[in-house]
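First the structure, in the form of structure tokens, and then the observations on it.
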Amino acid sequence: MYDIQYHPLVEDDLKKLNNSVRIEVFKKLKKILTSPELGELLGNKNGMNLTGFRKMYVAKKQVRIVYQIIDSLVVVKVLVIGKPKFKS
């Protein structure tokens, strides 16, 4: 199982979500920690290079979790949790 690290702004992202969605996010994060490779790989799209990052959706694709697997540290680093700003 992986440990988890959060980007400092993830706390602000979570505060913007209602409680029921926040619960779904934490359930999904638990699943990510046991099988981080389940997330869909991101790449270089729309002028944003997110190569090496993955995404998973929560709440019927209303909320996206973007994260990176760092195998050398056995860590999943969560970068953002929130509504997708663009289609990928």
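Chain labels A, B, ... are given in the sequence in which chains occur in the structure tokens; within each chain residues are numbered consecutively from 1, and ligands are likewise numbered from 1 in the order shown.
Residues lying within 6 Å of Ile65 (chain A), counting only C-alpha atoms and ignoring same-chain neighbours fewer than 4 positions away, are Lys55, Met56, Val80 and Ile81 of chain A.
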Check your understanding: Any idea what's packed within 12 Å of Pro36 (chain A), counting only C-alpha atoms, ignoring anything in its chain fewer than 2 positions away? Could you give it as an MDAnalysis selection string?
Key -> chainID A and resid 1:4 28:34 38:41 53:56 65:71 74:78
Export N, CA and C atoms of the chosen residues as a compact mmCIF listing (two decimals), in the first residue's frame?
```txt
# COMPACT_ATOMS: atom_id res chain seq x y z
N MET A 1 0.84 -1.18 0.00
CA MET A 1 0.00 0.00 0.00
C MET A 1 0.89 1.24 0.00
N TYR A 2 0.42 2.26 -0.67
CA TYR A 2 1.14 3.52 -0.80
C TYR A 2 0.76 4.48 0.32
N ASP A 3 1.65 5.40 0.63
CA ASP A 3 1.33 6.53 1.49
C ASP A 3 0.79 7.63 0.59
N ILE A 4 0.23 8.66 1.21
CA ILE A 4 -0.33 9.75 0.43
C ILE A 4 0.28 11.08 0.85
N LYS A 28 -12.51 7.18 -2.73
CA LYS A 28 -11.74 6.97 -3.96
C LYS A 28 -10.24 7.05 -3.68
N LEU A 29 -9.84 7.97 -2.81
CA LEU A 29 -8.42 8.08 -2.44
C LEU A 29 -7.93 6.79 -1.78
N LYS A 30 -8.78 6.19 -0.97
CA LYS A 30 -8.42 4.92 -0.33
C LYS A 30 -8.19 3.84 -1.38
N LYS A 31 -9.04 3.83 -2.41
CA LYS A 31 -8.89 2.87 -3.51
C LYS A 31 -7.61 3.15 -4.30
N ILE A 32 -7.30 4.42 -4.51
CA ILE A 32 -6.08 4.81 -5.23
C ILE A 32 -4.84 4.33 -4.49
N LEU A 33 -4.86 4.41 -3.16
CA LEU A 33 -3.69 4.00 -2.38
C LEU A 33 -3.40 2.52 -2.50
N THR A 34 -4.42 1.71 -2.71
CA THR A 34 -4.18 0.27 -2.85
C THR A 34 -3.87 -0.12 -4.29
N LEU A 38 -4.83 2.26 -11.41
CA LEU A 38 -6.19 2.25 -11.96
C LEU A 38 -6.56 3.55 -12.65
N GLY A 39 -5.97 4.64 -12.25
CA GLY A 39 -6.30 5.94 -12.84
C GLY A 39 -5.85 6.02 -14.28
N GLU A 40 -6.59 6.82 -15.04
CA GLU A 40 -6.28 7.01 -16.46
C GLU A 40 -5.09 7.96 -16.60
N LEU A 41 -4.15 7.57 -17.46
CA LEU A 41 -2.97 8.40 -17.69
C LEU A 41 -3.34 9.69 -18.39
N PHE A 53 1.09 11.95 -14.89
CA PHE A 53 0.01 12.12 -13.93
C PHE A 53 -1.18 11.26 -14.34
N ARG A 54 -2.02 10.96 -13.38
CA ARG A 54 -3.22 10.16 -13.62
C ARG A 54 -4.43 10.89 -13.09
N LYS A 55 -5.61 10.46 -13.55
CA LYS A 55 -6.84 11.06 -13.06
C LYS A 55 -7.86 9.97 -12.75
N MET A 56 -8.71 10.27 -11.78
CA MET A 56 -9.87 9.45 -11.47
C MET A 56 -11.01 10.40 -11.16
N ILE A 65 -9.82 13.82 -9.51
CA ILE A 65 -8.63 13.75 -8.66
C ILE A 65 -7.45 13.56 -9.60
N VAL A 66 -6.49 14.45 -9.54
CA VAL A 66 -5.27 14.34 -10.34
C VAL A 66 -4.13 14.00 -9.39
N TYR A 67 -3.40 12.95 -9.73
CA TYR A 67 -2.34 12.48 -8.83
C TYR A 67 -1.16 11.91 -9.61
N GLN A 68 -0.08 11.71 -8.89
CA GLN A 68 1.15 11.18 -9.47
C GLN A 68 1.62 10.04 -8.58
N ILE A 69 2.06 8.95 -9.18
CA ILE A 69 2.62 7.83 -8.44
C ILE A 69 4.13 8.02 -8.38
N ILE A 70 4.68 7.99 -7.18
CA ILE A 70 6.13 8.07 -7.01
C ILE A 70 6.57 6.75 -6.40
N ASP A 71 6.90 5.78 -7.27
CA ASP A 71 7.23 4.43 -6.83
C ASP A 71 8.44 4.38 -5.92
N VAL A 74 7.16 5.06 -2.67
CA VAL A 74 5.90 4.38 -2.39
C VAL A 74 4.87 5.40 -1.91
N VAL A 75 4.69 6.44 -2.74
CA VAL A 75 3.83 7.57 -2.40
C VAL A 75 2.92 7.90 -3.58
N VAL A 76 1.70 8.25 -3.27
CA VAL A 76 0.78 8.84 -4.24
C VAL A 76 0.66 10.30 -3.85
N LYS A 77 1.03 11.20 -4.75
CA LYS A 77 0.96 12.64 -4.48
C LYS A 77 -0.27 13.21 -5.18
N VAL A 78 -1.22 13.72 -4.40
CA VAL A 78 -2.45 14.29 -4.94
C VAL A 78 -2.21 15.77 -5.20
```
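Between CA of Lys15 (chain A) and CA of Asn49 (chain A) there is a distance of 26.8 Å.
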Exercise for review: If you run DSSP over the backbone, which residues in region 3-33 of chain A end up helix (DSSP H, G or I)? Put them as a VMD selection string.
Suggested key: chain A and resid 10 to 15 19 to 33
Point to revise | Between CA of Gly43 (chain A) and CA of His7 (chain A), distance in Å (one decimal) | key: 19.7 Å
Review point. Could you pull the residues within 12 Å of Arg22 (chain A), counting only C-alpha atoms, minus those fewer than 3 positions along the same chain, as a ChimeraX atom specification?
Key: /A:10-19,25-29,58-59,62-65,81-82
DSSP strand (DSSP E or B) residues within chain A, listed as a PDB file with C-alpha atoms, in the first residue's frame:
```
ATOM      1  CA  ASP A   3       1.330   6.534   1.494  1.00  0.00           C
ATOM      2  CA  ILE A   4      -0.326   9.748   0.427  1.00  0.00           C
ATOM      3  CA  GLN A   5       0.982  13.305   0.103  1.00  0.00           C
ATOM      4  CA  TYR A   6      -1.204  16.287  -0.695  1.00  0.00           C
ATOM      5  CA  GLU A  40      -6.278   7.013 -16.456  1.00  0.00           C
ATOM      6  CA  LEU A  41      -2.965   8.397 -17.693  1.00  0.00           C
ATOM      7  CA  ASN A  44       0.193  16.584 -23.182  1.00  0.00           C
ATOM      8  CA  LYS A  45      -3.166  18.098 -24.188  1.00  0.00           C
ATOM      9  CA  MET A  48      -0.693  21.440 -20.609  1.00  0.00           C
ATOM     10  CA  ASN A  49       1.929  18.755 -20.155  1.00  0.00           C
ATOM     11  CA  PHE A  53       0.008  12.125 -13.925  1.00  0.00           C
ATOM     12  CA  ARG A  54      -3.216  10.161 -13.620  1.00  0.00           C
ATOM     13  CA  LYS A  55      -6.842  11.060 -13.058  1.00  0.00           C
ATOM     14  CA  MET A  56      -9.869   9.446 -11.470  1.00  0.00           C
ATOM     15  CA  TYR A  57     -13.379  10.807 -11.312  1.00  0.00           C
ATOM     16  CA  VAL A  58     -15.805  10.988  -8.403  1.00  0.00           C
ATOM     17  CA  VAL A  63     -15.004  15.971  -9.498  1.00  0.00           C
ATOM     18  CA  ARG A  64     -11.609  14.866 -10.742  1.00  0.00           C
ATOM     19  CA  ILE A  65      -8.632  13.752  -8.662  1.00  0.00           C
ATOM     20  CA  VAL A  66      -5.272  14.339 -10.343  1.00  0.00           C
ATOM     21  CA  TYR A  67      -2.337  12.482  -8.832  1.00  0.00           C
ATOM     22  CA  GLN A  68       1.150  11.181  -9.467  1.00  0.00           C
ATOM     23  CA  ILE A  69       2.623   7.828  -8.438  1.00  0.00           C
ATOM     24  CA  ILE A  70       6.131   8.073  -7.009  1.00  0.00           C
ATOM     25  CA  VAL A  75       3.828   7.568  -2.398  1.00  0.00           C
ATOM     26  CA  VAL A  76       0.780   8.844  -4.239  1.00  0.00           C
ATOM     27  CA  LYS A  77       0.958  12.637  -4.475  1.00  0.00           C
ATOM     28  CA  VAL A  78      -2.448  14.288  -4.942  1.00  0.00           C
ATOM     29  CA  LEU A  79      -2.160  17.564  -6.843  1.00  0.00           C
ATOM     30  CA  VAL A  80      -5.731  18.733  -7.240  1.00  0.00           C
ATOM     31  CA  ILE A  81      -9.281  17.729  -6.408  1.00  0.00           C
ATOM     32  CA  GLY A  82     -12.031  19.645  -8.132  1.00  0.00           C
TER      33      GLY A  82
END
```
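In this structure, CA of Lys83 (chain A) sits 15.0 Å away from CA of Ser20 (chain A).
Each of A:Lys60, A:Ile23, A:Asn46, A:Thr51 was checked against Lys85 (chain A) using only C-alpha atoms; the smallest atom-to-atom distance is that of A:Asn46.
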